[in-house]
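Have a look at the structure below before the remarks.
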Amino acid sequence: MNRLANIILLSALFIQAAFAQDNILLTIGDKQFSVDEFNYIYDKNNTLSQEPINKKEYIDLFVNYKLKVEEAIAQGYDTVPSFQKELQYYRDELAKPYLSDKKAIEEVVEEAYERMCYEVDASHILIKLPPSPTPEDTLKAYNKIMDVKQQLGKGADFEEMVLRYSEGPSAKQSNGHLGYFTAFMMVYPFEEAAFDTPVGEVSEIVRTAFGYHLIKVHDKRENKGEILVAHIMKSFPYKASEAIQTQAKIAIDSIYRKLQSGESFNALVAEYSDDKQTVPNNGKLPWFATGRMVPEFSEAAFALTENGQIAPPVKTQFGWHIIKRLDSRPIKPLEECRDDIMQKIKQDERSLAGQKATVARLKKEYQFTIDAKGYEQLKAFVINKSNAEGWMDELKASYWTVASYVEGQILSADFAKEMAAHRLPEEGVSEELFTRLWNSFTDKVLIETEKANLENKYPEFRYLMGEYHDGLLIFEISQKEIWNKASNDSVGLAAFYEAHKDRYVQEEHFDGRVIYCKTKAVHKQLKKLAKKGELQIDSLAQSTREELLVKQGPFYKGDEAQLDKQVWKVKTAAINANYPYMLSDGQLVSKRVQPLEEIRGRVISDYQEKLEQQWIESLQQKYNPKVNTFVFD
């Protein structure tokens, strides 16, 4: 039985080795390249090609491609800092989709679009926090907003609480009233609370970068889309006296009466409007949605139901306005505004949704666990200690385990190094800040671990990185071996041209232009101008130019039937029914060898091909590549 088991084991190992060998398509020195890699590159290029690519022809291209890469590596191109920096840039960009959960991002996009289809009318109370709040600042502000919330719970009037406690600019301007808004018009935590709170109720306490908020929702309605309006404005200064505001009101009423009597809106804009930026454009403003203008202006504009309709004068903090509706459009379907939504998501906290979902997956995949004892020890060491520089060095020298995962451990010193990169409050780190820093650090560890493993986990990423790696190397070495050599080697280029002059023979041709005419009258007119040497198409009348079809040569025999008849005396020539009359303006050029300077770019391109062919032949001899024909077949 033992002998049988050994035979089975040896057979299995032999079969496994045979299968492994069967996947090797190309060997160059000690490097081996698999069928999978060849198929990936072939399939990708075959998809992009307009015509199917023959695999037997493509294997030669694959071999040459890999030979160039090996030579570039042999010459040290892969060690050049500029190459490594550029390759790292591409890797960082290619890695992004793998480090952000697509499903989570799609859910965020759909949530944002669903909210964009509605508008919320709300007021808020704000208790401000400084840009870098201390634990004391945070606690003081939280206690204050909590006190307001308790008073509201006992029946206090929301507007009265706004006037008494709110520290936001809208408190004094509009009793905390923000008007209607939709997705992306407020910071994300504020938006989320507003949309999740039922009409007539007050939200839970919400923290944003500005401080703590309580939000009262007055109304929710479908989004009215965007509107295009023009306006006539009589302005007055901010906080202007009643007398000044009354003067503006008298002026705007006078203008409105002129409109009602039939005078031109555009003419009145030009004569009376104080909005000098819009006067040159007949008072027209950019397209806007609800919430993009002050509420009074926005509500008056959206109340107009027909294009051309004019609203009675409306007052805002900037002055008095007469608004004319020009056009309106509904919110676009999701697929039409998806790219715009994605750009907006990148600019707020929603952008973290994909990464958060990825981190949650990685915690399971990498078996991430926190060492409870080590974590509590670290927290006790950090929280509420002043003089960060003093205790930071001590923590950097400590090495107890705080967390572990399949790739290794997170030690107290690791977290200390991360903390050193942040500017910590002098009075100490609060528990809230510690938690935020810890979560950010562990997320980064897991993301960086996943990023380092992408080639091993995802073959398509490995092959794509291989493409960028090889492509950059081939570009650099080809510049040296082919492109620059062909451009700079004037002696070699001239010798190549002399040896291959037969390639650059230009057949007899007509050099000039052919002018087709719709009518005989125009044809006759052009012939007269040609005799005088005054045939300049651009100087002709527009009506005449519209009757012409002008083509620029060179033209070879067979290119233009009517020219063939005139120049080469071809008896049967098809006449263009739309342009039956033709006039030629140019000369017949005999068959000749084109001079080098005339076709230098073409000769350089041909010379490059020759240099590349010679280079490939030398690489074939140097590296002796071996294609496994059995595997290929």
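If you're wondering about the labels, chains in the structure tokens are A, B, ... by order shown, residues count from 1 in each chain, ligands from 1 in order shown.
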Inset, instruction - Write out as JSON, numbers by chain each polymer residue whose atoms come within 12 Å of range 535-544 of chain A, counting only C-alpha atoms; drop sequence neighbours fewer than 2 positions from it. - result: {"A": [513, 514, 515, 516, 517, 518, 519, 520, 521, 522, 523, 524, 525, 526, 527, 528, 529, 530, 531, 532, 533, 546, 547, 548, 549, 550, 551, 583, 584, 585, 586]}
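Those residues that approach range 628-631 of chain A to within 8 Å, counting only C-alpha atoms, are Asp22, Asn23, Ile24, Leu25, Leu26 and Val35 of chain A; same-chain residues fewer than 4 positions away are not listed.
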Output N, CA and C atoms for every residue in the selection just made, as a compact mmCIF listing (two decimals), in the first residue's frame.
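New file out.txt:
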```txt
# COMPACT_ATOMS: atom_id res chain seq x y z
N ASP A 22 3.05 23.09 -19.76
CA ASP A 22 2.16 23.32 -20.89
C ASP A 22 1.66 24.75 -20.96
N ASN A 23 1.85 25.53 -19.90
CA ASN A 23 1.39 26.92 -19.89
C ASN A 23 2.50 27.88 -20.33
N ILE A 24 3.74 27.39 -20.50
CA ILE A 24 4.86 28.24 -20.90
C ILE A 24 4.94 28.29 -22.42
N LEU A 25 4.72 29.47 -22.98
CA LEU A 25 4.71 29.63 -24.42
C LEU A 25 6.05 30.10 -24.96
N LEU A 26 6.73 30.98 -24.21
CA LEU A 26 7.96 31.61 -24.70
C LEU A 26 9.00 31.64 -23.59
N VAL A 35 1.06 31.26 -21.77
CA VAL A 35 -0.02 31.33 -22.75
C VAL A 35 -1.05 32.37 -22.31
```
Inset, instruction - Name the residues in contact with range 110-127 of chain A at a cut-off of 8 Å, using only C-alpha atoms, excluding same-chain residues fewer than 2 positions from it; report them as a ChimeraX atom specification. - result: /A:106-108,129,141,144-145,161-162,165-168,171,175-184,194-195,211-223,290,331,334,341
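Across the structure, CA of Gly308 in chain A and CA of Lys324 in chain A are spaced 6.1 Å apart.
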Legend entry - Contacts of Asn624 in chain A within 12 Å, only C-alpha atoms, excl. fewer than 6 positions in-chain, as a PyMOL selection string: chain A and resi 26-31+63-64+66-67+70+616-618
Please, could you write that set of residues out with all heavy atoms as a short mmCIF file (atom, residue, chain, number, x, y, z; two decimals), in the first residue's frame?
```cif
data_model
loop_
_atom_site.label_atom_id
_atom_site.label_comp_id
_atom_site.auth_asym_id
_atom_site.auth_seq_id
_atom_site.Cartn_x
_atom_site.Cartn_y
_atom_site.Cartn_z
N LEU A 26 6.73 30.98 -24.21
CA LEU A 26 7.96 31.61 -24.70
C LEU A 26 9.00 31.64 -23.59
O LEU A 26 8.69 31.94 -22.44
CB LEU A 26 7.65 33.04 -25.17
CG LEU A 26 8.84 33.94 -25.54
CD1 LEU A 26 9.57 33.39 -26.76
CD2 LEU A 26 8.36 35.37 -25.78
N THR A 27 10.24 31.32 -23.96
CA THR A 27 11.36 31.40 -23.02
C THR A 27 12.44 32.28 -23.63
O THR A 27 12.87 32.06 -24.78
CB THR A 27 11.94 30.00 -22.73
OG1 THR A 27 10.90 29.16 -22.23
CG2 THR A 27 13.06 30.09 -21.70
N ILE A 28 12.87 33.30 -22.87
CA ILE A 28 13.98 34.17 -23.27
C ILE A 28 14.97 34.17 -22.12
O ILE A 28 14.71 34.78 -21.07
CB ILE A 28 13.51 35.60 -23.58
CG1 ILE A 28 12.50 35.60 -24.73
CG2 ILE A 28 14.70 36.49 -23.94
CD1 ILE A 28 11.93 36.97 -25.04
N GLY A 29 16.09 33.49 -22.30
CA GLY A 29 17.05 33.35 -21.20
C GLY A 29 16.41 32.59 -20.05
O GLY A 29 15.89 31.49 -20.23
N ASP A 30 16.41 33.20 -18.87
CA ASP A 30 15.77 32.57 -17.70
C ASP A 30 14.35 33.08 -17.47
O ASP A 30 13.73 32.77 -16.46
CB ASP A 30 16.62 32.79 -16.45
CG ASP A 30 16.81 34.27 -16.13
OD1 ASP A 30 16.41 35.11 -16.97
OD2 ASP A 30 17.35 34.58 -15.05
N LYS A 31 13.83 33.87 -18.41
CA LYS A 31 12.47 34.39 -18.29
C LYS A 31 11.49 33.51 -19.07
O LYS A 31 11.78 33.10 -20.20
CB LYS A 31 12.40 35.82 -18.84
CG LYS A 31 13.28 36.83 -18.13
CD LYS A 31 12.62 37.38 -16.90
CE LYS A 31 13.48 38.46 -16.25
NZ LYS A 31 13.54 39.69 -17.04
N VAL A 63 7.01 37.96 -29.57
CA VAL A 63 8.42 37.65 -29.30
C VAL A 63 9.27 38.92 -29.41
O VAL A 63 10.09 39.20 -28.53
CB VAL A 63 8.93 36.56 -30.27
CG1 VAL A 63 10.44 36.38 -30.12
CG2 VAL A 63 8.20 35.24 -30.02
N ASN A 64 9.07 39.68 -30.48
CA ASN A 64 9.85 40.90 -30.67
C ASN A 64 9.61 41.91 -29.55
O ASN A 64 10.53 42.60 -29.10
CB ASN A 64 9.51 41.54 -32.02
CG ASN A 64 9.94 40.67 -33.19
OD1 ASN A 64 10.76 39.76 -33.03
ND2 ASN A 64 9.37 40.93 -34.36
N LYS A 66 8.79 41.24 -26.45
CA LYS A 66 9.47 40.80 -25.23
C LYS A 66 10.99 40.94 -25.36
O LYS A 66 11.67 41.20 -24.36
CB LYS A 66 9.09 39.35 -24.91
CG LYS A 66 7.64 39.19 -24.43
CD LYS A 66 7.39 39.98 -23.16
CE LYS A 66 5.98 39.82 -22.62
NZ LYS A 66 5.74 40.63 -21.41
N LEU A 67 11.52 40.77 -26.56
CA LEU A 67 12.96 40.96 -26.77
C LEU A 67 13.37 42.39 -26.47
O LEU A 67 14.40 42.64 -25.83
CB LEU A 67 13.33 40.60 -28.21
CG LEU A 67 13.40 39.10 -28.55
CD1 LEU A 67 13.58 38.92 -30.05
CD2 LEU A 67 14.52 38.41 -27.79
N GLU A 70 13.42 42.92 -22.71
CA GLU A 70 14.61 42.30 -22.08
C GLU A 70 15.85 43.14 -22.31
O GLU A 70 16.69 43.30 -21.42
CB GLU A 70 14.81 40.89 -22.62
CG GLU A 70 13.78 39.88 -22.13
CD GLU A 70 13.67 39.86 -20.61
OE1 GLU A 70 14.69 39.63 -19.94
OE2 GLU A 70 12.57 40.12 -20.10
N ILE A 616 16.06 44.06 -34.26
CA ILE A 616 15.37 42.82 -33.87
C ILE A 616 16.24 41.61 -34.21
O ILE A 616 16.36 40.66 -33.43
CB ILE A 616 13.99 42.72 -34.56
CG1 ILE A 616 13.01 43.75 -33.99
CG2 ILE A 616 13.41 41.31 -34.43
CD1 ILE A 616 12.65 43.53 -32.54
N GLU A 617 16.87 41.63 -35.40
CA GLU A 617 17.73 40.51 -35.80
C GLU A 617 18.89 40.33 -34.83
O GLU A 617 19.26 39.21 -34.47
CB GLU A 617 18.25 40.75 -37.22
CG GLU A 617 17.18 40.57 -38.29
CD GLU A 617 17.64 41.00 -39.67
OE1 GLU A 617 18.81 41.45 -39.78
OE2 GLU A 617 16.85 40.92 -40.61
N SER A 618 19.46 41.47 -34.37
CA SER A 618 20.57 41.37 -33.41
C SER A 618 20.08 40.86 -32.05
O SER A 618 20.79 40.09 -31.38
CB SER A 618 21.24 42.75 -33.25
OG SER A 618 20.39 43.66 -32.57
#
```
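Take the candidates A:Phe288, A:Val603, A:Asn578, A:Leu473 and check each one against His500 in chain A using only C-alpha atoms; the shortest distance goes to A:Val603.
Taking CA of Glu597 in chain A and CA of Glu498 in chain A as endpoints, the distance between them is 12.7 Å.
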Please identify the alpha helix (DSSP H) residues within range 174-293 of chain A (assignment by DSSP from backbone atoms) and present them as a compact mmCIF listing (two decimals) with N, CA and C atoms, in the first residue's frame.
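Resulting contents of out_38.txt:
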```
# COMPACT_ATOMS: atom_id res chain seq x y z
N SER A 174 -32.50 85.37 8.09
CA SER A 174 -33.78 84.76 7.72
C SER A 174 -34.33 83.83 8.80
N TYR A 188 -22.58 66.87 3.24
CA TYR A 188 -23.27 65.58 3.19
C TYR A 188 -23.98 65.21 4.50
N PRO A 189 -23.36 65.34 5.69
CA PRO A 189 -24.09 64.96 6.91
C PRO A 189 -25.36 65.80 7.10
N PHE A 190 -25.29 67.09 6.74
CA PHE A 190 -26.46 67.97 6.86
C PHE A 190 -27.55 67.52 5.88
N GLU A 191 -27.15 67.28 4.64
CA GLU A 191 -28.09 66.81 3.61
C GLU A 191 -28.77 65.51 4.05
N GLU A 192 -27.96 64.58 4.56
CA GLU A 192 -28.48 63.28 4.95
C GLU A 192 -29.54 63.42 6.03
N ALA A 193 -29.26 64.25 7.05
CA ALA A 193 -30.21 64.46 8.14
C ALA A 193 -31.48 65.14 7.64
N ALA A 194 -31.33 66.11 6.74
CA ALA A 194 -32.50 66.84 6.23
C ALA A 194 -33.42 65.92 5.44
N PHE A 195 -32.85 65.08 4.58
CA PHE A 195 -33.67 64.20 3.76
C PHE A 195 -34.27 63.05 4.58
N ASP A 196 -33.62 62.68 5.69
CA ASP A 196 -34.12 61.56 6.50
C ASP A 196 -35.14 62.00 7.56
N GLU A 242 -35.24 102.68 4.92
CA GLU A 242 -36.56 102.51 4.30
C GLU A 242 -36.75 103.50 3.15
N ALA A 243 -36.20 104.73 3.31
CA ALA A 243 -36.35 105.75 2.27
C ALA A 243 -35.69 105.31 0.96
N ILE A 244 -34.45 104.75 1.07
CA ILE A 244 -33.72 104.29 -0.13
C ILE A 244 -34.45 103.10 -0.76
N GLN A 245 -34.93 102.16 0.07
CA GLN A 245 -35.66 101.01 -0.46
C GLN A 245 -36.96 101.46 -1.15
N THR A 246 -37.58 102.48 -0.61
CA THR A 246 -38.82 103.00 -1.21
C THR A 246 -38.55 103.62 -2.57
N GLN A 247 -37.42 104.34 -2.69
CA GLN A 247 -37.05 104.92 -3.99
C GLN A 247 -36.87 103.82 -5.04
N ALA A 248 -36.22 102.72 -4.66
CA ALA A 248 -36.02 101.59 -5.59
C ALA A 248 -37.36 100.97 -5.96
N LYS A 249 -38.29 100.92 -4.98
CA LYS A 249 -39.62 100.34 -5.23
C LYS A 249 -40.40 101.22 -6.22
N ILE A 250 -40.32 102.53 -6.06
CA ILE A 250 -41.01 103.45 -6.98
C ILE A 250 -40.48 103.27 -8.40
N ALA A 251 -39.14 103.15 -8.51
CA ALA A 251 -38.51 103.00 -9.83
C ALA A 251 -38.92 101.69 -10.49
N ILE A 252 -38.92 100.58 -9.73
CA ILE A 252 -39.25 99.28 -10.33
C ILE A 252 -40.72 99.22 -10.72
N ASP A 253 -41.61 99.86 -9.92
CA ASP A 253 -43.04 99.89 -10.26
C ASP A 253 -43.26 100.64 -11.57
N SER A 254 -42.50 101.73 -11.76
CA SER A 254 -42.62 102.51 -12.98
C SER A 254 -42.21 101.68 -14.20
N ILE A 255 -41.12 100.91 -14.04
CA ILE A 255 -40.65 100.04 -15.14
C ILE A 255 -41.69 98.96 -15.43
N TYR A 256 -42.30 98.41 -14.38
CA TYR A 256 -43.28 97.33 -14.56
C TYR A 256 -44.51 97.85 -15.32
N ARG A 257 -44.91 99.11 -15.02
CA ARG A 257 -46.05 99.70 -15.75
C ARG A 257 -45.72 99.87 -17.24
N LYS A 258 -44.48 100.23 -17.54
CA LYS A 258 -44.06 100.35 -18.94
C LYS A 258 -44.16 99.00 -19.65
N LEU A 259 -43.78 97.94 -18.95
CA LEU A 259 -43.87 96.60 -19.53
C LEU A 259 -45.33 96.23 -19.80
N GLN A 260 -46.20 96.57 -18.83
CA GLN A 260 -47.62 96.25 -18.99
C GLN A 260 -48.27 97.02 -20.15
N PHE A 265 -39.07 94.52 -23.20
CA PHE A 265 -38.32 94.11 -22.00
C PHE A 265 -36.83 94.40 -22.19
N ASN A 266 -36.29 94.00 -23.36
CA ASN A 266 -34.86 94.19 -23.61
C ASN A 266 -34.46 95.66 -23.60
N ALA A 267 -35.32 96.50 -24.15
CA ALA A 267 -35.03 97.94 -24.17
C ALA A 267 -35.01 98.51 -22.76
N LEU A 268 -35.93 98.05 -21.92
CA LEU A 268 -35.99 98.54 -20.54
C LEU A 268 -34.81 98.01 -19.72
N VAL A 269 -34.34 96.79 -20.03
CA VAL A 269 -33.12 96.28 -19.37
C VAL A 269 -31.97 97.23 -19.65
N ALA A 270 -31.78 97.53 -20.93
CA ALA A 270 -30.67 98.39 -21.35
C ALA A 270 -30.73 99.77 -20.71
N GLU A 271 -31.94 100.30 -20.54
CA GLU A 271 -32.09 101.67 -20.06
C GLU A 271 -32.07 101.79 -18.54
N TYR A 272 -32.63 100.77 -17.83
CA TYR A 272 -32.86 100.96 -16.40
C TYR A 272 -32.16 99.97 -15.46
```
Legend entry - Residue contacts of range 557-565 of chain A (10 Å, only C-alpha atoms) excluding same-chain residues fewer than 6 positions away, as a count of residues only: 18
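CA of Ile73 in chain A is positioned 25.3 Å from CA of Asp489 in chain A.
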Inset, instruction - Can you pull out every residue within 12 Å of Pro97 in chain A, counting only C-alpha atoms, but drop anything in the same chain fewer than 2 positions away, and send it as a PyMOL selection string? - result: chain A and resi 91-95+99-105+354-355+358+451+454+461
Residues as selected, N, CA, C and O atoms, written as a PDB file, in the first residue's frame, can you do that?
```pdb
ATOM      1  N   ARG A  91       0.509  52.911 -11.733  1.00  0.00           N
ATOM      2  CA  ARG A  91       0.025  51.857 -10.830  1.00  0.00           C
ATOM      3  C   ARG A  91      -0.993  52.416  -9.836  1.00  0.00           C
ATOM      4  O   ARG A  91      -2.029  51.799  -9.568  1.00  0.00           O
ATOM      5  N   ASP A  92      -0.703  53.592  -9.305  1.00  0.00           N
ATOM      6  CA  ASP A  92      -1.642  54.221  -8.365  1.00  0.00           C
ATOM      7  C   ASP A  92      -2.992  54.478  -9.037  1.00  0.00           C
ATOM      8  O   ASP A  92      -4.048  54.273  -8.432  1.00  0.00           O
ATOM      9  N   GLU A  93      -2.954  54.935 -10.299  1.00  0.00           N
ATOM     10  CA  GLU A  93      -4.201  55.213 -11.020  1.00  0.00           C
ATOM     11  C   GLU A  93      -4.960  53.924 -11.330  1.00  0.00           C
ATOM     12  O   GLU A  93      -6.183  53.857 -11.167  1.00  0.00           O
ATOM     13  N   LEU A  94      -4.250  52.894 -11.770  1.00  0.00           N
ATOM     14  CA  LEU A  94      -4.896  51.623 -12.118  1.00  0.00           C
ATOM     15  C   LEU A  94      -5.449  50.915 -10.888  1.00  0.00           C
ATOM     16  O   LEU A  94      -6.411  50.151 -10.986  1.00  0.00           O
ATOM     17  N   ALA A  95      -4.834  51.185  -9.726  1.00  0.00           N
ATOM     18  CA  ALA A  95      -5.259  50.504  -8.498  1.00  0.00           C
ATOM     19  C   ALA A  95      -6.566  51.059  -7.945  1.00  0.00           C
ATOM     20  O   ALA A  95      -7.279  50.356  -7.219  1.00  0.00           O
ATOM     21  N   LEU A  99      -9.626  49.422  -5.176  1.00  0.00           N
ATOM     22  CA  LEU A  99      -9.611  49.811  -3.766  1.00  0.00           C
ATOM     23  C   LEU A  99     -10.874  50.544  -3.354  1.00  0.00           C
ATOM     24  O   LEU A  99     -10.939  51.105  -2.266  1.00  0.00           O
ATOM     25  N   SER A 100     -11.866  50.560  -4.237  1.00  0.00           N
ATOM     26  CA  SER A 100     -13.135  51.215  -3.934  1.00  0.00           C
ATOM     27  C   SER A 100     -14.267  50.326  -4.422  1.00  0.00           C
ATOM     28  O   SER A 100     -14.336  50.005  -5.613  1.00  0.00           O
ATOM     29  N   ASP A 101     -15.115  49.907  -3.514  1.00  0.00           N
ATOM     30  CA  ASP A 101     -16.177  48.948  -3.830  1.00  0.00           C
ATOM     31  C   ASP A 101     -17.167  49.541  -4.835  1.00  0.00           C
ATOM     32  O   ASP A 101     -17.816  50.559  -4.565  1.00  0.00           O
ATOM     33  N   LYS A 102     -17.263  48.916  -6.002  1.00  0.00           N
ATOM     34  CA  LYS A 102     -18.109  49.444  -7.075  1.00  0.00           C
ATOM     35  C   LYS A 102     -19.583  49.443  -6.687  1.00  0.00           C
ATOM     36  O   LYS A 102     -20.328  50.364  -7.014  1.00  0.00           O
ATOM     37  N   LYS A 103     -19.996  48.393  -5.991  1.00  0.00           N
ATOM     38  CA  LYS A 103     -21.405  48.301  -5.594  1.00  0.00           C
ATOM     39  C   LYS A 103     -21.766  49.439  -4.639  1.00  0.00           C
ATOM     40  O   LYS A 103     -22.828  50.065  -4.758  1.00  0.00           O
ATOM     41  N   ALA A 104     -20.867  49.723  -3.687  1.00  0.00           N
ATOM     42  CA  ALA A 104     -21.122  50.802  -2.725  1.00  0.00           C
ATOM     43  C   ALA A 104     -21.171  52.155  -3.426  1.00  0.00           C
ATOM     44  O   ALA A 104     -22.016  53.001  -3.115  1.00  0.00           O
ATOM     45  N   ILE A 105     -20.272  52.367  -4.388  1.00  0.00           N
ATOM     46  CA  ILE A 105     -20.266  53.624  -5.143  1.00  0.00           C
ATOM     47  C   ILE A 105     -21.564  53.771  -5.922  1.00  0.00           C
ATOM     48  O   ILE A 105     -22.170  54.853  -5.965  1.00  0.00           O
ATOM     49  N   GLY A 354     -17.108  53.994  -1.080  1.00  0.00           N
ATOM     50  CA  GLY A 354     -16.494  52.848  -1.741  1.00  0.00           C
ATOM     51  C   GLY A 354     -15.327  52.299  -0.956  1.00  0.00           C
ATOM     52  O   GLY A 354     -15.158  51.080  -0.833  1.00  0.00           O
ATOM     53  N   GLN A 355     -14.513  53.196  -0.379  1.00  0.00           N
ATOM     54  CA  GLN A 355     -13.363  52.745   0.400  1.00  0.00           C
ATOM     55  C   GLN A 355     -13.806  52.092   1.698  1.00  0.00           C
ATOM     56  O   GLN A 355     -13.231  51.089   2.135  1.00  0.00           O
ATOM     57  N   THR A 358     -14.835  48.662   0.990  1.00  0.00           N
ATOM     58  CA  THR A 358     -13.648  47.845   0.706  1.00  0.00           C
ATOM     59  C   THR A 358     -12.935  47.472   1.995  1.00  0.00           C
ATOM     60  O   THR A 358     -12.514  46.320   2.178  1.00  0.00           O
ATOM     61  N   LYS A 451      -3.354  46.890  -1.792  1.00  0.00           N
ATOM     62  CA  LYS A 451      -2.710  47.500  -2.959  1.00  0.00           C
ATOM     63  C   LYS A 451      -1.438  46.747  -3.342  1.00  0.00           C
ATOM     64  O   LYS A 451      -1.155  46.535  -4.531  1.00  0.00           O
ATOM     65  N   LEU A 454      -2.265  43.343  -5.281  1.00  0.00           N
ATOM     66  CA  LEU A 454      -3.157  43.357  -6.442  1.00  0.00           C
ATOM     67  C   LEU A 454      -2.673  42.437  -7.560  1.00  0.00           C
ATOM     68  O   LEU A 454      -3.470  41.755  -8.208  1.00  0.00           O
ATOM     69  N   PHE A 461      -5.080  42.744 -13.539  1.00  0.00           N
ATOM     70  CA  PHE A 461      -4.286  43.876 -13.052  1.00  0.00           C
ATOM     71  C   PHE A 461      -2.803  43.606 -13.309  1.00  0.00           C
ATOM     72  O   PHE A 461      -2.064  44.508 -13.724  1.00  0.00           O
TER      73      PHE A 461
END
```
